[in-house]
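Asker: One file: query_29.cif (mmCIF, C-alpha atoms).
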data_query
#
loop_
_atom_site.group_PDB
_atom_site.id
_atom_site.type_symbol
_atom_site.label_atom_id
_atom_site.label_comp_id
_atom_site.auth_asym_id
_atom_site.auth_seq_id
_atom_site.Cartn_x
_atom_site.Cartn_y
_atom_site.Cartn_z
ATOM 1 C CA MET A 1 14.857 -13.538 -20.386
ATOM 2 C CA ALA A 2 13.806 -13.124 -16.756
ATOM 3 C CA ALA A 3 11.035 -15.300 -15.330
ATOM 4 C CA TRP A 4 8.776 -12.299 -14.719
ATOM 5 C CA ASP A 5 9.073 -8.553 -14.537
ATOM 6 C CA SER A 6 7.041 -5.368 -14.111
ATOM 7 C CA ARG A 7 6.666 -4.963 -17.881
ATOM 8 C CA ASN A 8 4.613 -8.187 -17.854
ATOM 9 C CA ARG A 9 6.888 -10.458 -19.840
ATOM 10 C CA HIS A 10 5.674 -14.006 -19.290
ATOM 11 C CA GLU A 11 6.982 -17.517 -19.202
ATOM 12 C CA PRO A 12 5.024 -20.750 -18.640
ATOM 13 C CA ARG A 13 3.541 -20.910 -15.162
ATOM 14 C CA ALA A 14 5.064 -23.212 -12.577
ATOM 15 C CA SER A 15 3.716 -24.664 -9.360
ATOM 16 C CA GLY A 16 6.969 -24.273 -7.476
ATOM 17 C CA GLY A 17 9.051 -21.219 -6.727
ATOM 18 C CA ARG A 18 12.137 -21.204 -8.927
ATOM 19 C CA PRO A 19 14.899 -18.801 -7.838
ATOM 20 C CA GLY A 20 14.082 -16.256 -10.570
ATOM 21 C CA GLN A 21 10.418 -16.154 -9.599
ATOM 22 C CA ALA A 22 11.215 -15.857 -5.900
ATOM 23 C CA ALA A 23 13.601 -12.953 -6.511
ATOM 24 C CA ALA A 24 11.033 -11.192 -8.715
ATOM 25 C CA PHE A 25 8.341 -11.601 -6.053
ATOM 26 C CA ARG A 26 10.556 -10.211 -3.292
ATOM 27 C CA ASN A 27 11.810 -7.329 -5.437
ATOM 28 C CA LEU A 28 8.223 -6.430 -6.312
ATOM 29 C CA CYS A 29 7.398 -6.310 -2.578
ATOM 30 C CA ARG A 30 10.200 -3.738 -2.142
ATOM 31 C CA SER A 31 9.125 -1.546 -5.074
ATOM 32 C CA SER A 32 5.932 0.205 -3.973
ATOM 33 C CA PRO A 33 7.463 3.584 -2.885
ATOM 34 C CA TRP A 34 8.864 4.120 -6.409
ATOM 35 C CA LYS A 35 5.892 2.870 -8.436
ATOM 36 C CA TRP A 36 3.158 5.383 -7.566
ATOM 37 C CA GLN A 37 2.436 8.682 -5.813
ATOM 38 C CA SER A 38 -1.353 8.614 -5.553
ATOM 39 C CA LEU A 39 -3.798 5.743 -5.394
ATOM 40 C CA ARG A 40 -7.576 5.406 -5.409
ATOM 41 C CA PHE A 41 -8.816 2.060 -4.181
ATOM 42 C CA GLU A 42 -11.467 0.053 -2.326
ATOM 43 C CA TYR A 43 -10.537 -1.928 0.776
ATOM 44 C CA LEU A 44 -12.045 -4.724 2.847
ATOM 45 C CA ASP A 45 -10.436 -5.645 6.159
ATOM 46 C CA ARG A 46 -11.199 -9.323 5.600
ATOM 47 C CA PRO A 47 -10.710 -11.883 2.810
ATOM 48 C CA PHE A 48 -13.090 -11.536 -0.103
ATOM 49 C CA ASP A 49 -14.839 -14.706 -1.304
ATOM 50 C CA GLY A 50 -17.603 -13.529 -3.625
ATOM 51 C CA PRO A 51 -17.547 -13.088 -7.399
ATOM 52 C CA ALA A 52 -16.187 -9.897 -8.913
ATOM 53 C CA GLY A 53 -18.411 -6.905 -8.332
ATOM 54 C CA THR A 54 -20.357 -8.080 -5.290
ATOM 55 C CA ALA A 55 -17.975 -6.336 -2.890
ATOM 56 C CA ASP A 56 -19.668 -3.029 -3.707
ATOM 57 C CA GLY A 57 -22.546 -3.984 -1.430
ATOM 58 C CA ALA A 58 -20.370 -4.993 1.505
ATOM 59 C CA ALA A 59 -21.215 -3.053 4.649
ATOM 60 C CA ASP A 60 -17.554 -2.781 5.661
ATOM 61 C CA LEU A 61 -16.230 -1.666 2.271
ATOM 62 C CA VAL A 62 -14.013 1.429 2.517
ATOM 63 C CA ARG A 63 -13.226 3.701 -0.421
ATOM 64 C CA ALA A 64 -9.859 5.445 -0.173
ATOM 65 C CA TRP A 65 -7.911 8.273 -1.805
ATOM 66 C CA LEU A 66 -4.220 8.361 -0.884
ATOM 67 C CA ARG A 67 -1.549 10.843 -1.923
ATOM 68 C CA ARG A 68 1.949 10.307 -0.637
ATOM 69 C CA PRO A 69 3.529 11.156 1.736
ATOM 70 C CA GLY A 70 0.539 10.971 4.077
ATOM 71 C CA ALA A 71 -2.646 12.480 2.696
ATOM 72 C CA LEU A 72 -5.560 10.059 3.110
ATOM 73 C CA ARG A 73 -9.327 10.261 2.715
ATOM 74 C CA LEU A 74 -11.648 7.376 3.578
ATOM 75 C CA GLU A 75 -15.357 6.990 2.899
ATOM 76 C CA THR A 76 -17.926 4.267 3.394
ATOM 77 C CA ALA A 77 -19.615 2.730 0.368
ATOM 78 C CA ALA A 78 -22.520 5.125 1.037
ATOM 79 C CA GLY A 79 -20.241 8.187 0.894
ATOM 80 C CA LEU A 80 -19.908 8.914 4.619
ATOM 81 C CA VAL A 81 -16.478 10.395 5.392
ATOM 82 C CA LEU A 82 -14.661 8.236 7.945
ATOM 83 C CA HIS A 83 -11.322 10.013 7.966
ATOM 84 C CA SER A 84 -9.484 12.811 6.206
ATOM 85 C CA THR A 85 -6.064 14.172 6.984
ATOM 86 C CA THR A 86 -5.920 17.801 8.073
ATOM 87 C CA GLY A 87 -2.202 18.351 8.663
ATOM 88 C CA ILE A 88 -0.744 17.636 5.252
ATOM 89 C CA ASN A 89 0.887 21.071 5.093
ATOM 90 C CA ASP A 90 2.080 21.296 8.703
ATOM 91 C CA SER A 91 5.577 22.702 9.138
ATOM 92 C CA ARG A 92 8.169 21.899 11.800
ATOM 93 C CA ASP A 93 10.020 24.350 13.953
ATOM 94 C CA GLY A 94 13.777 24.642 14.141
ATOM 95 C CA PHE A 95 14.043 22.656 17.359
ATOM 96 C CA TYR A 96 12.292 19.650 15.829
ATOM 97 C CA VAL A 97 14.456 19.707 12.718
ATOM 98 C CA SER A 98 17.702 19.950 14.656
ATOM 99 C CA SER A 99 16.854 17.397 17.342
ATOM 100 C CA THR A 100 15.506 14.407 15.399
ATOM 101 C CA ARG A 101 17.476 12.341 12.943
ATOM 102 C CA LYS A 102 14.363 11.165 11.100
ATOM 103 C CA SER A 103 13.560 14.718 10.045
ATOM 104 C CA TRP A 104 16.672 14.679 7.833
ATOM 105 C CA LEU A 105 15.576 11.622 5.867
ATOM 106 C CA LEU A 106 14.225 12.244 2.376
ATOM 107 C CA PRO A 107 11.015 10.750 0.940
ATOM 108 C CA PRO A 108 11.708 7.509 -0.948
ATOM 109 C CA ARG A 109 10.891 9.072 -4.332
ATOM 110 C CA LEU A 110 13.836 11.491 -3.864
ATOM 111 C CA VAL A 111 16.436 8.772 -3.333
ATOM 112 C CA ASN A 112 17.541 6.056 -5.730
ATOM 113 C CA PRO A 113 17.274 2.364 -4.862
ATOM 114 C CA VAL A 114 19.250 -0.439 -6.484
ATOM 115 C CA TYR A 115 17.160 -1.900 -9.309
ATOM 116 C CA ASP A 116 17.344 -5.335 -10.852
ATOM 117 C CA ASP A 117 17.480 -5.907 -14.608
ATOM 118 C CA ASP A 118 13.687 -5.820 -14.822
ATOM 119 C CA GLY A 119 13.202 -2.449 -13.114
ATOM 120 C CA LEU A 120 12.191 -3.792 -9.707
ATOM 121 C CA VAL A 121 13.859 -2.712 -6.452
ATOM 122 C CA ARG A 122 16.560 -5.080 -5.283
ATOM 123 C CA ARG A 123 17.898 -2.956 -2.397
ATOM 124 C CA ARG A 124 16.073 -0.105 -0.636
ATOM 125 C CA PRO A 125 18.034 2.929 0.625
ATOM 126 C CA GLU A 126 17.498 4.649 3.951
ATOM 127 C CA ALA A 127 14.546 7.019 3.576
ATOM 128 C CA ALA A 128 11.465 8.375 5.347
ATOM 129 C CA TYR A 129 9.226 5.367 4.764
ATOM 130 C CA GLY A 130 5.742 5.020 6.176
ATOM 131 C CA GLU A 131 2.186 4.843 4.892
ATOM 132 C CA PRO A 132 -0.898 6.272 6.602
ATOM 133 C CA GLY A 133 -2.872 3.680 8.541
ATOM 134 C CA PHE A 134 -6.500 3.040 9.366
ATOM 135 C CA GLY A 135 -7.972 0.538 11.792
ATOM 136 C CA ASN A 136 -4.863 -1.614 12.125
ATOM 137 C CA GLY A 137 -1.354 -1.919 10.748
ATOM 138 C CA ARG A 138 -2.341 -4.268 7.931
ATOM 139 C CA PHE A 139 -3.786 -1.321 5.976
ATOM 140 C CA ALA A 140 -0.395 0.430 5.829
ATOM 141 C CA ALA A 141 1.525 -2.820 5.323
ATOM 142 C CA ALA A 142 -0.596 -3.701 2.292
ATOM 143 C CA LEU A 143 0.348 -0.404 0.622
ATOM 144 C CA ASP A 144 4.065 -1.165 1.032
ATOM 145 C CA PRO A 145 4.530 -4.912 1.717
ATOM 146 C CA VAL A 146 8.282 -4.752 2.295
ATOM 147 C CA GLU A 147 7.844 -6.844 5.470
ATOM 148 C CA LEU A 148 7.445 -9.869 3.178
ATOM 149 C CA SER A 149 10.894 -9.397 1.627
ATOM 150 C CA GLY A 150 13.124 -7.202 3.804
ATOM 151 C CA ASN A 151 14.959 -4.129 2.550
ATOM 152 C CA ALA A 152 17.595 -6.154 0.674
ATOM 153 C CA PRO A 153 18.329 -9.738 -0.400
ATOM 154 C CA VAL A 154 19.784 -12.063 2.192
ATOM 155 C CA PRO A 155 23.526 -12.808 1.738
ATOM 156 C CA MET A 156 22.862 -16.423 0.765
ATOM 157 C CA GLU A 157 19.636 -18.240 -0.094
ATOM 158 C CA PHE A 158 19.740 -20.666 2.814
ATOM 159 C CA PRO A 159 16.488 -22.171 4.136
ATOM 160 C CA ASN A 160 14.750 -19.843 6.622
ATOM 161 C CA ALA A 161 17.117 -16.973 5.781
ATOM 162 C CA ASN A 162 14.375 -14.789 4.234
ATOM 163 C CA PRO A 163 11.517 -13.271 6.256
ATOM 164 C CA VAL A 164 9.029 -15.606 4.558
ATOM 165 C CA GLU A 165 9.247 -18.799 2.535
ATOM 166 C CA LEU A 166 7.560 -18.788 -0.882
ATOM 167 C CA GLU A 167 5.569 -21.565 -2.533
ATOM 168 C CA SER A 168 3.469 -21.897 -5.686
ATOM 169 C CA ILE A 169 4.320 -18.554 -7.278
ATOM 170 C CA SER A 170 2.081 -17.818 -10.266
ATOM 171 C CA GLU A 171 0.744 -14.959 -12.366
ATOM 172 C CA VAL A 172 -2.932 -14.168 -11.813
ATOM 173 C CA ASP A 173 -5.525 -11.558 -12.664
ATOM 174 C CA HIS A 174 -6.804 -9.513 -9.722
ATOM 175 C CA GLU A 175 -9.765 -7.253 -10.495
ATOM 176 C CA GLY A 176 -8.546 -6.754 -14.062
ATOM 177 C CA ARG A 177 -4.895 -6.117 -13.173
ATOM 178 C CA PRO A 178 -1.901 -8.522 -13.383
ATOM 179 C CA ALA A 179 -0.516 -9.705 -10.062
ATOM 180 C CA LEU A 180 1.866 -12.258 -8.579
ATOM 181 C CA GLU A 181 0.296 -14.779 -6.217
ATOM 182 C CA ALA A 182 2.211 -16.924 -3.746
ATOM 183 C CA THR A 183 1.652 -19.050 -0.680
ATOM 184 C CA ILE A 184 3.967 -17.824 2.054
ATOM 185 C CA SER A 185 4.929 -18.911 5.562
ATOM 186 C CA PRO A 186 6.878 -16.827 8.102
ATOM 187 C CA ASN A 187 10.384 -17.566 9.333
ATOM 188 C CA SER A 188 11.921 -16.534 12.629
ATOM 189 C CA SER A 189 13.307 -13.375 10.976
ATOM 190 C CA TYR A 190 9.853 -12.134 9.906
ATOM 191 C CA ARG A 191 9.179 -8.744 11.525
ATOM 192 C CA PRO A 192 5.773 -7.278 10.615
ATOM 193 C CA GLY A 193 5.251 -3.550 10.842
ATOM 194 C CA ASP A 194 2.371 -4.165 13.251
ATOM 195 C CA PRO A 195 2.798 -7.412 15.253
ATOM 196 C CA GLY A 196 -0.931 -7.387 15.978
ATOM 197 C CA ALA A 197 -1.906 -7.269 12.289
ATOM 198 C CA PRO A 198 0.750 -8.926 10.110
ATOM 199 C CA LEU A 199 0.309 -9.691 6.437
ATOM 200 C CA CYS A 200 1.597 -13.221 7.082
ATOM 201 C CA ARG A 201 0.193 -15.338 9.925
ATOM 202 C CA PRO A 202 1.756 -18.514 11.408
ATOM 203 C CA GLY A 203 1.360 -21.347 8.952
ATOM 204 C CA ARG A 204 0.416 -20.614 5.342
ATOM 205 C CA THR A 205 -0.967 -17.357 3.948
ATOM 206 C CA LEU A 206 -2.006 -16.712 0.352
ATOM 207 C CA VAL A 207 -1.012 -13.237 -0.892
ATOM 208 C CA ARG A 208 -1.245 -11.296 -4.143
ATOM 209 C CA ILE A 209 1.059 -8.419 -5.135
ATOM 210 C CA ASP A 210 -0.100 -6.044 -7.870
ATOM 211 C CA ALA A 211 2.402 -5.965 -10.739
ATOM 212 C CA GLY A 212 2.001 -2.280 -11.530
ATOM 213 C CA THR A 213 2.144 -0.779 -8.038
ATOM 214 C CA GLY A 214 3.782 -3.328 -5.717
ATOM 215 C CA VAL A 215 0.730 -3.145 -3.402
ATOM 216 C CA CYS A 216 -0.453 -6.296 -1.626
ATOM 217 C CA VAL A 217 -3.985 -6.468 -3.024
ATOM 218 C CA ALA A 218 -5.140 -9.628 -1.221
ATOM 219 C CA SER A 219 -4.213 -11.898 1.655
ATOM 220 C CA ARG A 220 -5.870 -14.939 3.195
ATOM 221 C CA TRP A 221 -4.712 -17.051 6.133
ATOM 222 C CA LEU A 222 -5.032 -20.634 4.916
ATOM 223 C CA ASP A 223 -4.511 -22.365 8.268
ATOM 224 C CA GLY A 224 -6.959 -20.302 10.277
ATOM 225 C CA GLY A 225 -9.900 -22.706 10.112
ATOM 226 C CA PRO A 226 -13.222 -20.879 10.390
ATOM 227 C CA ASP A 227 -11.504 -17.649 11.469
ATOM 228 C CA ALA A 228 -11.209 -15.512 8.329
ATOM 229 C CA TYR A 229 -8.080 -13.364 8.461
ATOM 230 C CA GLY A 230 -6.793 -11.257 5.611
ATOM 231 C CA HIS A 231 -7.743 -8.346 3.387
ATOM 232 C CA TRP A 232 -8.920 -7.513 -0.126
ATOM 233 C CA LEU A 233 -8.080 -4.387 -2.128
ATOM 234 C CA ARG A 234 -9.235 -3.233 -5.581
ATOM 235 C CA ILE A 235 -7.170 -0.560 -7.308
ATOM 236 C CA VAL A 236 -9.402 1.937 -9.116
ATOM 237 C CA ALA A 237 -6.844 4.499 -10.373
ATOM 238 C CA VAL A 238 -3.107 5.162 -10.108
ATOM 239 C CA ASP A 239 -1.412 8.582 -10.045
ATOM 240 C CA GLU A 240 -4.534 10.678 -10.426
ATOM 241 C CA TYR A 241 -4.149 14.380 -9.663
ATOM 242 C CA MET A 242 -5.587 15.033 -6.198
ATOM 243 C CA LEU A 243 -6.186 18.523 -4.818
ATOM 244 C CA ASP A 244 -5.504 19.413 -1.183
ATOM 245 C CA ASP A 245 -9.219 20.087 -0.702
ATOM 246 C CA LEU A 246 -9.898 16.369 -1.006
ATOM 247 C CA PHE A 247 -8.007 15.700 2.237
ATOM 248 C CA LEU A 248 -9.283 18.586 4.370
ATOM 249 C CA ASP A 249 -12.350 18.788 6.590
ATOM 250 C CA ARG A 250 -13.040 22.284 5.307
ATOM 251 C CA SER A 251 -12.345 23.568 1.834
ATOM 252 C CA MET A 252 -9.533 26.095 1.453
ATOM 253 C CA ASN A 253 -11.423 27.899 -1.313
ATOM 254 C CA LEU A 254 -12.475 31.519 -0.901
ATOM 255 C CA THR A 255 -16.001 32.514 0.013
ATOM 256 C CA ASP A 256 -18.528 31.965 -2.748
ATOM 257 C CA VAL A 257 -19.735 35.537 -3.385
ATOM 258 C CA ARG A 258 -22.850 34.243 -5.123
ATOM 259 C CA ARG A 259 -24.242 33.085 -1.792
ATOM 260 C CA HIS A 260 -26.326 35.492 0.244
ATOM 261 C CA ILE A 261 -24.528 36.772 3.339
ATOM 262 C CA SER A 262 -26.926 37.610 6.120
ATOM 263 C CA TRP A 263 -26.307 40.545 8.440
ATOM 264 C CA ASP A 264 -27.632 40.393 11.964
ATOM 265 C CA VAL A 265 -28.745 43.889 12.981
ATOM 266 C CA PRO A 266 -29.338 44.226 16.713
ATOM 267 C CA ALA A 267 -32.686 45.607 17.701
ATOM 268 C CA ASP A 268 -32.612 49.024 19.455
#
Would you mind writing the file out in structure tokens?
Answerer:
Amino acid sequence: MAAWDSRNRHEPRASGGRPGQAAAFRNLCRSSPWKWQSLRFEYLDRPFDGPAGTADGAADLVRAWLRRPGALRLETAAGLVLHSTTGINDSRDGFYVSSTRKSWLLPPRLVNPVYDDDGLVRRRPEAAYGEPGFGNGRFAAALDPVELSGNAPVPMEFPNANPVELESISEVDHEGRPALEATISPNSSYRPGDPGAPLCRPGRTLVRIDAGTGVCVASRWLDGGPDAYGHWLRIVAVDEYMLDDLFLDRSMNLTDVRRHISWDVPAD
């Protein structure tokens, strides 16, 4: 039986990172594009220290609704809309389609990756990857943390061959959901999506990857001293049905005929 998999089969916890645990962690980091299509969550752009539930009063808490491949709505804890996508149905002309190679790539959900025996992604195919961002690149990287694993396993498990080194892999509970936690440190081959806001800082970083979605739900830079660097994310719902109206500044619904329509009659 495998050390850990997405169906939550367990074995006794270990303080070190045995090869099976390391492979499961990296495969989970590659799996997000095939594990969900819509996500409702709360996000803090800093590590979260308090007990469960106190984050609701945080002034910088952001509530998010995301529907792939790019529809995003963000609100403050008080309900003020910070951002909503308005071009989710934009089309492209013939010149764009014929002149850019990226336009021919399919969304990840329409192509098949190579799975391991536990249903996690071992090798990612070429596809139109990319998550909507907000504030900095760590927001998008947390939704698809492939930068922690690379698109495929390295040819041989030599030291420093992977993007990050893994330590102390364990199963934890994060806001009521199972997750894998590990202490990681970057190697020379680590290439974050946004160099200014990586998930893994120099030295040691503690990260958690949600077992059901492959999303990086928490990170904390352990060698940063008093400078808090990281993020916290609480998943509220997965694969809810989300209407287009949720992501538009103005509703696409027809006029409500029950409302009085005033007529301005010019004075003679």
Asker: Once the PyMOL selection byres ((chain A and resi 196-210) around 9) is applied to the coordinates I shared, what remains selected? I want it as an mmCIF file with C-alpha atoms, keeping the file's coordinate frame.
Answerer:
data_model
loop_
_atom_site.group_PDB
_atom_site.id
_atom_site.type_symbol
_atom_site.label_atom_id
_atom_site.label_comp_id
_atom_site.auth_asym_id
_atom_site.auth_seq_id
_atom_site.Cartn_x
_atom_site.Cartn_y
_atom_site.Cartn_z
ATOM 1 C CA PHE A 25 8.341 -11.601 -6.053
ATOM 2 C CA LEU A 28 8.223 -6.430 -6.312
ATOM 3 C CA CYS A 29 7.398 -6.310 -2.578
ATOM 4 C CA ASN A 136 -4.863 -1.614 12.125
ATOM 5 C CA GLY A 137 -1.354 -1.919 10.748
ATOM 6 C CA ARG A 138 -2.341 -4.268 7.931
ATOM 7 C CA PHE A 139 -3.786 -1.321 5.976
ATOM 8 C CA ALA A 141 1.525 -2.820 5.323
ATOM 9 C CA ALA A 142 -0.596 -3.701 2.292
ATOM 10 C CA PRO A 145 4.530 -4.912 1.717
ATOM 11 C CA GLU A 147 7.844 -6.844 5.470
ATOM 12 C CA LEU A 148 7.445 -9.869 3.178
ATOM 13 C CA VAL A 164 9.029 -15.606 4.558
ATOM 14 C CA VAL A 172 -2.932 -14.168 -11.813
ATOM 15 C CA HIS A 174 -6.804 -9.513 -9.722
ATOM 16 C CA ARG A 177 -4.895 -6.117 -13.173
ATOM 17 C CA PRO A 178 -1.901 -8.522 -13.383
ATOM 18 C CA ALA A 179 -0.516 -9.705 -10.062
ATOM 19 C CA LEU A 180 1.866 -12.258 -8.579
ATOM 20 C CA GLU A 181 0.296 -14.779 -6.217
ATOM 21 C CA ALA A 182 2.211 -16.924 -3.746
ATOM 22 C CA THR A 183 1.652 -19.050 -0.680
ATOM 23 C CA ILE A 184 3.967 -17.824 2.054
ATOM 24 C CA SER A 185 4.929 -18.911 5.562
ATOM 25 C CA PRO A 186 6.878 -16.827 8.102
ATOM 26 C CA ASN A 187 10.384 -17.566 9.333
ATOM 27 C CA TYR A 190 9.853 -12.134 9.906
ATOM 28 C CA ARG A 191 9.179 -8.744 11.525
ATOM 29 C CA PRO A 192 5.773 -7.278 10.615
ATOM 30 C CA GLY A 193 5.251 -3.550 10.842
ATOM 31 C CA ASP A 194 2.371 -4.165 13.251
ATOM 32 C CA PRO A 195 2.798 -7.412 15.253
ATOM 33 C CA ALA A 211 2.402 -5.965 -10.739
ATOM 34 C CA GLY A 212 2.001 -2.280 -11.530
ATOM 35 C CA THR A 213 2.144 -0.779 -8.038
ATOM 36 C CA GLY A 214 3.782 -3.328 -5.717
ATOM 37 C CA VAL A 215 0.730 -3.145 -3.402
ATOM 38 C CA CYS A 216 -0.453 -6.296 -1.626
ATOM 39 C CA VAL A 217 -3.985 -6.468 -3.024
ATOM 40 C CA ALA A 218 -5.140 -9.628 -1.221
ATOM 41 C CA SER A 219 -4.213 -11.898 1.655
ATOM 42 C CA ARG A 220 -5.870 -14.939 3.195
ATOM 43 C CA TRP A 221 -4.712 -17.051 6.133
ATOM 44 C CA LEU A 222 -5.032 -20.634 4.916
ATOM 45 C CA ASP A 223 -4.511 -22.365 8.268
ATOM 46 C CA GLY A 224 -6.959 -20.302 10.277
ATOM 47 C CA TYR A 229 -8.080 -13.364 8.461
ATOM 48 C CA GLY A 230 -6.793 -11.257 5.611
ATOM 49 C CA HIS A 231 -7.743 -8.346 3.387
ATOM 50 C CA ILE A 235 -7.170 -0.560 -7.308
#
Asker: Carefully work through the PyMOL selection byres ((chain A and resi 107) around 12) for this structure and note down the residues it includes, as a list in words.
Answerer: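 After applying the PyMOL selection byres ((chain A and resi 107) around 12), what remains is Pro33, Trp34, Gln37, Arg68, Pro69, Gly70, Lys102, Ser103, Trp104, Leu105, Leu106, Pro108, Arg109, Leu110, Val111, Asn112, Pro113, Pro125, Glu126, Ala127, Ala128, Tyr129, Gly130 and Glu131 of chain A.
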Asker: Convert the current residue selection to file output with C-alpha atoms, as an mmCIF file, keeping the file's coordinate frame.
Answerer:
data_model
loop_
_atom_site.group_PDB
_atom_site.id
_atom_site.type_symbol
_atom_site.label_atom_id
_atom_site.label_comp_id
_atom_site.auth_asym_id
_atom_site.auth_seq_id
_atom_site.Cartn_x
_atom_site.Cartn_y
_atom_site.Cartn_z
ATOM 1 C CA PRO A 33 7.463 3.584 -2.885
ATOM 2 C CA TRP A 34 8.864 4.120 -6.409
ATOM 3 C CA GLN A 37 2.436 8.682 -5.813
ATOM 4 C CA ARG A 68 1.949 10.307 -0.637
ATOM 5 C CA PRO A 69 3.529 11.156 1.736
ATOM 6 C CA GLY A 70 0.539 10.971 4.077
ATOM 7 C CA LYS A 102 14.363 11.165 11.100
ATOM 8 C CA SER A 103 13.560 14.718 10.045
ATOM 9 C CA TRP A 104 16.672 14.679 7.833
ATOM 10 C CA LEU A 105 15.576 11.622 5.867
ATOM 11 C CA LEU A 106 14.225 12.244 2.376
ATOM 12 C CA PRO A 108 11.708 7.509 -0.948
ATOM 13 C CA ARG A 109 10.891 9.072 -4.332
ATOM 14 C CA LEU A 110 13.836 11.491 -3.864
ATOM 15 C CA VAL A 111 16.436 8.772 -3.333
ATOM 16 C CA ASN A 112 17.541 6.056 -5.730
ATOM 17 C CA PRO A 113 17.274 2.364 -4.862
ATOM 18 C CA PRO A 125 18.034 2.929 0.625
ATOM 19 C CA GLU A 126 17.498 4.649 3.951
ATOM 20 C CA ALA A 127 14.546 7.019 3.576
ATOM 21 C CA ALA A 128 11.465 8.375 5.347
ATOM 22 C CA TYR A 129 9.226 5.367 4.764
ATOM 23 C CA GLY A 130 5.742 5.020 6.176
ATOM 24 C CA GLU A 131 2.186 4.843 4.892
#
Asker: Report, in Å to a single decimal, how far apart atom CA of A:Val114 and atom CA of A:Pro159 are.
Answerer: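 Rounded to one decimal, the two atoms are 24.3 Å apart.
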Asker: Would you translate the PyMOL selection byres ((chain A and resi 67) around 10) into the concrete set of residues it matches in this file, as a VMD selection string?
Answerer: chain A and resid 36 to 40 65 to 66 68 to 73 88 131 to 132 239 to 244 247
Asker: Expressed in Å to a single decimal, how great is the separation between atom CA of A:Leu248 and atom CA of A:Gly79?
Answerer: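 Distance between the two atoms: 15.5 Å.
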Asker: Go ahead and compute the interatomic distance for atom CA of A:Trp232 and atom CA of A:Pro153, in Å to one decimal.
Answerer: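 If I compute the distance from atom CA of A:Trp232 to atom CA of A:Pro153, I get 27.3 Å.
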